[in-house]
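Enquirer: My structure file final06.txt, compact mmCIF, C-alpha atoms (C1' of nucleotides), is below:
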```
# COMPACT_ATOMS: atom_id res chain seq x y z
CA MET A 26 0.00 0.00 0.00
CA ARG A 27 1.51 3.27 -1.12
CA ALA A 28 1.34 6.11 1.38
CA LEU A 29 -1.41 8.59 0.75
CA HIS A 30 1.00 11.51 0.80
CA ALA A 31 2.54 10.02 -2.33
CA ASP A 32 -0.76 10.40 -4.14
CA THR A 33 -1.11 13.24 -6.62
CA GLY A 34 -4.52 14.27 -5.36
CA TYR A 35 -3.40 14.34 -1.77
CA LEU A 36 -0.27 16.27 -2.76
CA LEU A 37 -2.53 18.86 -4.35
CA TYR A 38 -4.56 19.03 -1.15
CA ARG A 39 -1.51 19.51 1.03
CA LEU A 40 0.23 21.99 -1.24
CA GLY A 41 -3.00 23.91 -1.56
CA LEU A 42 -3.08 24.32 2.20
CA ARG A 43 0.51 25.46 2.24
CA SER A 44 -0.10 27.92 -0.56
CA GLY A 45 -3.08 29.38 1.22
CA GLN A 46 -1.09 29.75 4.42
CA LEU A 47 1.68 31.56 2.58
CA PHE A 48 -0.78 33.97 1.01
CA ASN A 49 -2.49 34.61 4.32
CA THR A 50 0.71 35.33 6.20
CA PHE A 51 1.68 37.72 3.40
CA LEU A 52 -1.67 39.47 3.73
CA GLN A 53 -1.66 39.38 7.51
CA GLU A 54 -0.28 42.85 8.04
CA SER A 55 -2.84 44.43 5.75
CA GLY A 56 -5.74 42.98 7.70
CA LEU A 57 -7.02 41.08 4.69
CA ARG A 58 -7.11 37.39 3.94
CA LEU A 59 -6.67 35.40 0.80
CA ARG A 60 -10.33 35.56 -0.06
CA HIS A 61 -10.38 39.36 0.04
CA TYR A 62 -7.27 39.50 -2.07
CA ALA A 63 -8.83 37.22 -4.67
CA VAL A 64 -11.83 39.53 -4.92
CA LEU A 65 -9.65 42.60 -5.27
CA ARG A 66 -7.53 41.06 -7.99
CA TYR A 67 -10.62 39.94 -9.84
CA LEU A 68 -12.18 43.38 -9.63
CA ALA A 69 -9.01 44.82 -11.09
CA THR A 70 -9.53 42.79 -14.24
CA CYS A 71 -13.16 43.52 -14.97
CA GLU A 72 -13.91 47.00 -13.67
CA GLY A 73 -17.07 46.12 -11.79
CA ALA A 74 -18.74 42.79 -11.10
CA LEU A 75 -21.99 41.56 -9.62
CA GLN A 76 -21.65 39.69 -6.36
CA ARG A 77 -23.04 36.49 -7.81
CA GLU A 78 -20.43 36.81 -10.57
CA LEU A 79 -17.69 37.06 -7.96
CA GLY A 80 -18.99 33.98 -6.22
CA ALA A 81 -19.24 31.97 -9.40
CA ARG A 82 -15.87 32.95 -10.82
CA LEU A 83 -13.90 32.66 -7.59
CA GLY A 84 -15.66 29.56 -6.31
CA TYR A 85 -17.07 31.10 -3.15
CA ASP A 86 -20.55 30.73 -1.79
CA PRO A 87 -22.69 33.82 -2.41
CA SER A 88 -23.18 34.18 1.32
CA ALA A 89 -19.42 34.42 1.72
CA ILE A 90 -19.21 37.24 -0.79
CA VAL A 91 -21.40 39.41 1.41
CA GLY A 92 -18.92 39.51 4.27
CA LEU A 93 -15.96 39.88 1.96
CA VAL A 94 -17.39 42.92 0.22
CA ASP A 95 -18.44 44.30 3.60
CA ASP A 96 -14.84 44.11 4.77
CA LEU A 97 -13.50 45.63 1.58
CA GLU A 98 -15.97 48.48 1.88
CA LYS A 99 -14.97 49.12 5.49
CA LEU A 100 -11.36 49.37 4.35
CA GLY A 101 -12.33 51.64 1.49
CA PHE A 102 -10.92 49.29 -1.12
CA ALA A 103 -14.20 48.63 -2.91
CA GLU A 104 -17.78 49.83 -2.91
CA ARG A 105 -21.21 48.62 -3.92
CA ARG A 106 -23.12 50.56 -6.51
CA PRO A 107 -26.67 49.94 -7.65
CA ALA A 108 -26.85 48.00 -10.86
CA PRO A 109 -28.34 50.23 -13.58
CA ASP A 110 -30.68 47.64 -15.08
CA ASP A 111 -31.52 45.43 -12.11
CA ARG A 112 -32.36 46.75 -8.69
CA ARG A 113 -31.70 43.35 -7.11
CA SER A 114 -28.05 43.37 -8.06
CA ARG A 115 -25.18 45.40 -6.77
CA VAL A 116 -22.12 46.21 -8.81
CA VAL A 117 -18.92 45.96 -6.83
CA VAL A 118 -16.18 48.25 -8.07
CA LEU A 119 -12.63 48.90 -7.01
CA THR A 120 -11.91 52.27 -5.43
CA GLU A 121 -8.78 54.27 -6.04
CA ASP A 122 -7.50 53.16 -2.64
CA GLY A 123 -8.08 49.56 -3.61
CA ARG A 124 -6.18 50.03 -6.83
CA ALA A 125 -3.33 51.65 -4.94
CA PHE A 126 -3.27 48.75 -2.50
CA LEU A 127 -2.91 46.31 -5.36
CA ARG A 128 -0.09 48.37 -6.85
CA ASP A 129 1.74 48.51 -3.54
CA THR A 130 1.44 44.82 -2.81
CA ASP A 131 1.99 43.54 -6.31
CA GLN A 132 5.61 42.54 -5.91
CA ALA A 133 5.05 41.04 -2.48
CA GLY A 134 2.23 38.96 -3.88
CA GLN A 135 4.42 37.61 -6.62
CA ARG A 136 7.03 36.68 -4.06
CA VAL A 137 4.52 34.38 -2.40
CA THR A 138 4.22 32.20 -5.47
CA ASP A 139 7.96 32.51 -6.07
CA GLU A 140 8.65 31.23 -2.59
CA LEU A 141 6.24 28.37 -3.02
CA LEU A 142 7.79 27.33 -6.32
CA THR A 143 11.39 27.80 -5.22
CA PRO A 144 12.43 24.24 -6.07
CA LEU A 145 11.31 24.67 -9.68
CA ALA A 146 13.14 26.23 -12.61
CA PRO A 147 11.25 28.85 -14.65
CA ALA A 148 10.46 26.40 -17.45
CA GLU A 149 9.16 23.88 -14.93
CA ARG A 150 6.97 26.52 -13.31
CA GLU A 151 5.45 27.23 -16.68
CA THR A 152 4.81 23.54 -17.21
CA LEU A 153 3.21 23.21 -13.79
CA HIS A 154 1.04 26.23 -14.42
CA THR A 155 -0.33 24.96 -17.72
CA LEU A 156 -0.99 21.53 -16.23
CA LEU A 157 -2.86 23.05 -13.30
CA VAL A 158 -4.93 25.19 -15.62
CA ARG A 159 -5.83 22.06 -17.56
CA VAL A 160 -6.81 20.26 -14.36
CA ALA A 161 -8.86 23.24 -13.24
CA GLY A 162 -10.65 22.97 -16.56
CA ASN A 163 -13.82 24.84 -17.30
CA GLY A 164 -14.93 24.54 -13.71
CA LEU A 165 -12.40 27.25 -13.05
CA ALA A 166 -10.68 27.13 -9.71
CA MET B 19 -2.94 43.33 -13.35
CA ARG B 20 -3.40 39.64 -13.90
CA ALA B 21 -6.27 38.01 -12.07
CA LEU B 22 -5.31 36.11 -8.96
CA HIS B 23 -7.04 32.96 -10.13
CA ALA B 24 -4.54 32.86 -12.98
CA ASP B 25 -1.71 32.65 -10.46
CA THR B 26 -0.03 29.30 -9.94
CA GLY B 27 -0.11 29.54 -6.16
CA TYR B 28 -3.77 30.40 -6.09
CA LEU B 29 -4.51 27.60 -8.56
CA LEU B 30 -2.84 25.21 -6.16
CA TYR B 31 -4.97 26.57 -3.34
CA ARG B 32 -8.19 26.15 -5.28
CA LEU B 33 -7.37 22.72 -6.70
CA GLY B 34 -6.31 21.61 -3.25
CA LEU B 35 -9.75 22.48 -1.95
CA ARG B 36 -11.39 20.62 -4.81
CA SER B 37 -9.19 17.60 -4.26
CA GLY B 38 -10.02 17.52 -0.58
CA GLN B 39 -13.71 17.73 -1.33
CA LEU B 40 -13.48 14.83 -3.77
CA PHE B 41 -11.72 12.70 -1.20
CA ASN B 42 -14.23 13.55 1.47
CA THR B 43 -17.24 12.74 -0.66
CA PHE B 44 -15.62 9.43 -1.53
CA LEU B 45 -15.08 8.69 2.16
CA GLN B 46 -18.48 9.98 3.19
CA GLU B 47 -20.23 6.62 3.20
CA SER B 48 -17.57 5.04 5.38
CA GLY B 49 -17.97 7.66 8.07
CA LEU B 50 -14.37 8.77 7.77
CA ARG B 51 -12.86 11.93 6.41
CA LEU B 52 -9.72 12.68 4.50
CA ARG B 53 -7.71 13.15 7.67
CA HIS B 54 -8.60 9.72 8.98
CA TYR B 55 -7.80 8.16 5.64
CA ALA B 56 -4.39 9.84 5.59
CA VAL B 57 -3.60 8.39 9.01
CA LEU B 58 -4.72 4.92 7.97
CA ARG B 59 -2.66 4.98 4.81
CA TYR B 60 0.36 6.20 6.72
CA LEU B 61 -0.02 3.50 9.34
CA ALA B 62 -0.12 0.93 6.56
CA THR B 63 3.38 1.94 5.52
CA CYS B 64 5.17 1.96 8.84
CA GLU B 65 3.53 -0.65 11.04
CA GLY B 66 3.14 1.52 14.11
CA ALA B 67 3.77 5.20 14.70
CA LEU B 68 3.83 7.59 17.62
CA GLN B 69 1.13 10.23 17.56
CA ARG B 70 3.62 13.06 17.34
CA GLU B 71 5.14 11.28 14.35
CA LEU B 72 1.74 11.16 12.67
CA GLY B 73 1.28 14.84 13.28
CA ALA B 74 4.68 15.77 11.97
CA ARG B 75 4.57 13.60 8.87
CA LEU B 76 0.99 14.36 7.90
CA GLY B 77 1.10 18.03 8.77
CA TYR B 78 -1.61 17.95 11.40
CA ASP B 79 -1.56 19.56 14.80
CA PRO B 80 -0.90 17.07 17.62
CA SER B 81 -4.23 18.01 19.16
CA ALA B 82 -5.94 16.97 15.94
CA ILE B 83 -4.30 13.55 16.03
CA VAL B 84 -6.00 12.79 19.32
CA GLY B 85 -9.48 12.98 17.90
CA LEU B 86 -8.50 11.19 14.70
CA VAL B 87 -7.06 8.21 16.55
CA ASP B 88 -10.07 8.25 18.87
CA ASP B 89 -12.36 7.90 15.87
CA LEU B 90 -10.24 5.18 14.30
CA GLU B 91 -10.24 3.26 17.57
CA LYS B 92 -14.03 3.54 17.85
CA LEU B 93 -14.32 2.07 14.36
CA GLY B 94 -11.84 -0.65 15.22
CA PHE B 95 -9.44 0.37 12.46
CA ALA B 96 -6.52 1.24 14.76
CA GLU B 97 -5.53 1.02 18.37
CA ARG B 98 -3.15 2.67 20.81
CA ARG B 99 -0.49 0.60 22.50
CA PRO B 100 1.91 1.73 25.20
CA ALA B 101 5.33 2.59 23.86
CA PRO B 102 7.87 0.12 25.22
CA ASP B 103 10.61 2.62 26.02
CA ASP B 104 8.69 5.81 26.82
CA ARG B 105 5.61 5.88 28.97
CA ARG B 106 4.61 9.29 27.61
CA SER B 107 4.14 8.00 24.09
CA ARG B 108 1.54 5.76 22.54
CA VAL B 109 2.15 3.62 19.50
CA VAL B 110 -0.73 3.65 17.05
CA VAL B 111 -1.04 0.49 15.00
CA LEU B 112 -3.40 -0.65 12.29
CA THR B 113 -5.80 -3.45 13.18
CA GLU B 114 -6.79 -6.23 10.83
CA ASP B 115 -10.11 -4.46 10.23
CA GLY B 116 -8.24 -1.31 9.31
CA ARG B 117 -6.09 -3.20 6.86
CA ALA B 118 -9.17 -4.80 5.34
CA PHE B 119 -10.79 -1.40 4.99
CA LEU B 120 -7.80 -0.12 3.07
CA ARG B 121 -7.88 -3.16 0.81
CA ASP B 122 -11.58 -2.73 0.11
CA THR B 123 -11.37 0.99 -0.66
CA ASP B 124 -8.11 0.96 -2.56
CA GLN B 125 -9.58 1.10 -6.02
CA ALA B 126 -12.18 3.69 -5.08
CA GLY B 127 -9.45 5.87 -3.64
CA GLN B 128 -7.49 5.72 -6.84
CA ARG B 129 -10.58 6.72 -8.77
CA VAL B 130 -10.68 9.97 -6.82
CA THR B 131 -7.34 11.07 -8.16
CA ASP B 132 -8.25 9.74 -11.58
CA GLU B 133 -11.37 11.84 -11.61
CA LEU B 134 -9.47 14.91 -10.52
CA LEU B 135 -6.86 14.46 -13.23
CA THR B 136 -9.32 13.54 -15.96
CA PRO B 137 -8.14 16.31 -18.32
CA LEU B 138 -4.58 14.99 -18.26
CA ALA B 139 -2.99 12.19 -20.24
CA PRO B 140 -1.03 9.56 -18.27
CA ALA B 141 2.33 11.08 -19.19
CA GLU B 142 1.12 14.51 -18.11
CA ARG B 143 -0.09 13.12 -14.81
CA GLU B 144 3.34 11.72 -14.20
CA THR B 145 4.91 15.08 -15.00
CA LEU B 146 2.51 16.85 -12.67
CA HIS B 147 3.19 14.37 -9.90
CA THR B 148 6.96 14.76 -10.08
CA LEU B 149 6.65 18.54 -10.16
CA LEU B 150 4.38 18.53 -7.12
CA VAL B 151 6.76 16.26 -5.25
CA ARG B 152 9.54 18.70 -6.04
CA VAL B 153 7.46 21.62 -4.79
CA ALA B 154 6.55 19.71 -1.65
CA GLY B 155 10.24 19.28 -1.05
CA ASN B 156 11.61 18.05 2.23
CA GLY B 157 8.87 19.81 4.16
CA LEU B 158 6.73 16.92 3.01
CA ALA B 159 3.11 17.64 2.25
C1' DC C 5 -52.15 39.47 -12.72
C1' DG C 6 -49.99 35.46 -10.61
C1' DC C 7 -45.99 32.80 -10.12
C1' DA C 8 -41.46 30.86 -10.71
C1' DA C 9 -36.78 32.42 -10.74
C1' DT C 10 -33.06 35.34 -9.26
C1' DA C 11 -29.70 38.59 -6.24
C1' DA C 12 -28.32 39.66 -1.97
C1' DT C 13 -28.55 38.72 2.72
C1' DT C 14 -28.94 36.31 7.28
C1' DG C 15 -28.39 32.48 10.16
C1' DG C 16 -26.99 27.88 11.58
C1' DT C 17 -24.03 23.70 11.38
C1' DG C 18 -19.99 21.03 11.05
C1' DT C 19 -15.12 20.92 9.93
C1' DC C 20 -10.74 22.64 10.39
C1' DG C 21 -6.23 25.21 11.57
C1' DT C 22 -4.09 27.43 15.40
C1' DC C 23 -2.81 28.43 19.78
C1' DA C 24 -2.71 28.13 25.04
C1' DA C 25 -2.66 25.41 29.00
C1' DC C 26 -2.06 21.14 31.67
C1' DA C 27 -0.60 16.47 33.60
C1' DG C 28 2.54 12.82 33.27
C1' DT C 29 7.11 11.53 31.98
C1' DT C 30 11.88 11.94 30.56
C1' DG C 31 16.37 13.83 30.46
C1' DT C 32 19.75 17.14 31.87
C1' DT C 33 22.41 19.77 34.76
C1' DG C 34 23.98 22.06 38.66
C1' DC D 30 20.22 13.50 43.56
C1' DA D 31 17.29 17.13 43.31
C1' DA D 32 15.63 20.99 40.66
C1' DC D 33 14.59 22.29 36.23
C1' DA D 34 13.86 22.21 31.22
C1' DA D 35 11.90 19.60 27.41
C1' DC D 36 8.64 16.51 25.50
C1' DT D 37 3.97 13.55 24.75
C1' DG D 38 -0.55 13.28 24.72
C1' DT D 39 -4.71 15.70 25.89
C1' DT D 40 -8.30 19.24 26.53
C1' DG D 41 -10.28 23.53 25.56
C1' DA D 42 -11.14 27.75 23.18
C1' DC D 43 -11.28 30.84 19.12
C1' DG D 44 -11.53 32.23 14.40
C1' DA D 45 -11.97 30.94 9.61
C1' DC D 46 -14.39 28.56 6.29
C1' DA D 47 -17.49 25.42 3.29
C1' DC D 48 -22.18 24.23 3.04
C1' DC D 49 -27.02 24.56 3.24
C1' DA D 50 -31.76 26.53 4.36
C1' DA D 51 -34.61 30.42 4.62
C1' DT D 52 -35.96 35.37 3.80
C1' DT D 53 -36.61 39.73 1.32
C1' DA D 54 -36.73 42.44 -2.70
C1' DT D 55 -36.98 42.32 -7.49
C1' DT D 56 -37.41 40.55 -12.19
C1' DG D 57 -39.29 37.94 -15.97
C1' DC D 58 -42.65 34.83 -17.77
C1' DG D 59 -46.96 32.37 -18.66
```
Starting from the coordinates I provided, produce the structure as structure tokens.

Expert:
Amino acid sequence: MRALHADTGYLLYRLGLRSGQLFNTFLQESGLRLRHYAVLRYLATCEGALQRELGARLGYDPSAIVGLVDDLEKLGFAERRPAPDDRRSRVVVLTEDGRAFLRDTDQAGQRVTDELLTPLAPAERETLHTLLVRVAGNGLA
Amino acid sequence: MRALHADTGYLLYRLGLRSGQLFNTFLQESGLRLRHYAVLRYLATCEGALQRELGARLGYDPSAIVGLVDDLEKLGFAERRPAPDDRRSRVVVLTEDGRAFLRDTDQAGQRVTDELLTPLAPAERETLHTLLVRVAGNGLA
DNA sequence: CGCAATAATTGGTGTCGTCAACAGTTGTTG
DNA sequence: CAACAACTGTTGACGACACCAATTATTGCG
């Protein structure tokens, strides 16, 4: 019987935990957590998103999005605006402070992944990335 | 600004969550969870381990090991025995029922990883596995 | 108009990672 | 050899998180 920690799926599980811990310690000083950071980075790419869109694209439960956006609003990094065509929806947009935060922490964020992938050469990192994207598939990740 | 969910580290985090969920749904009917299964599989490789060793090798807090071994003992899959040379320690060993459980669920366990890695060809899975082992490094995973 | 469907929100439940504290035991050192 | 530091298993607490059910306001459809 091979040990479970030699299984690819279990390796993914364990490395995922480690990766999340690294991100969270990096974000610790800013008062945010990985989930907030994911929302911010996503907002930076689309210039406004509905909350259900955030949940679907980032893989979080809609009820989780509520608290995340609440926190981001308290910090002044994002704000809810009424959707123009649907009064049920709210459009979450990045504020200038939020954009500045992303600029300031950009390099530090990249260092997190760099640290995680230290044992790998650049070409290998590229290979790993494409493989992971394939595994993530359409279901996103 | 690239979206965070296009980052390798974040992909690992997300796929790790998905992998853990797959394992847990597979184990759901047996009443165990991924953590128990990891302990069982580890015990199958070493024929007896101290609890602190389990914690260190599997990456779980020592306090978590207590409950895990409790559950495994209740199910009759493992049992604690006094360590011969140190009365502080307990040696956790697999019972015959535990070994039978691993035998019976072996194929199903492999299907979990197979399902996760569906988009990848066998050679690619091998590549991914070796890369993940490299990333895991000595810190284990 | 009536009704199903949807967006955001609230609340509850179970799991989990982390840390602090404690008793029993071991080993070390003055 | 006696005091003290270190270690093992254990308990407890706290926060974070995934998951699900229910509620309110709103939209779209038959």

Enquirer: With only C-alpha atoms (C1' of nucleotides) as the counted atoms, please give the residues lying no more than 10 Å from D:DT55, apart from itself and same-chain residues fewer than 2 positions off, as a PyMOL selection string.

Expert: (chain A and resi 111-114) or (chain C and resi 10-11) or (chain D and resi 53+57)

Enquirer: Using all atoms listed in the file, find which residues of chain A lie within 8 Å of chain B and jot them down as a ChimeraX atom specification.

Expert: /A:26-30,32-45,62-63,66-67,69-70,83,137-138,141-145,149,153-154,156-162,166

Enquirer: Using all atoms listed in the file, which of B:Ala74, B:Asp103, B:Phe119, B:Ser48 sits nearest chain C?

Expert: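 Of B:Ala74, B:Asp103, B:Phe119, B:Ser48, the one nearest chain C, counting all atoms listed in the file, is B:Asp103.
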
Enquirer: In terms of the shortest atom-to-atom distance over all atoms listed in the file, which of B:Asp122, B:Glu65, B:Glu71, B:Glu97 is closest to chain D?

Expert: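 That would be B:Glu71, the residue with the smallest distance to chain D.
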
Enquirer: Need to verify the contact set: stretch 35-48 of chain D, 8 Å, only C-alpha atoms (C1' of nucleotides), exclusion of same-chain residues closer than 6 positions in sequence. Can you return it as JSON, numbers by chain?

Expert: {"A": [86], "B": [69, 70, 81, 84, 106, 107], "C": [30, 31]}

Enquirer: Point out the residue among A:Leu75, A:Ala125, A:Ala146, A:Leu57 with the least atom-to-atom distance to A:Arg105, counting only C-alpha atoms.

Expert: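 Nearest candidate to A:Arg105 out of A:Leu75, A:Ala125, A:Ala146, A:Leu57: A:Leu75.
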
Enquirer: Chain A least-squares fit onto chain B, all C-alpha atoms in order: RMSD in Å?

Expert: 0.2 Å
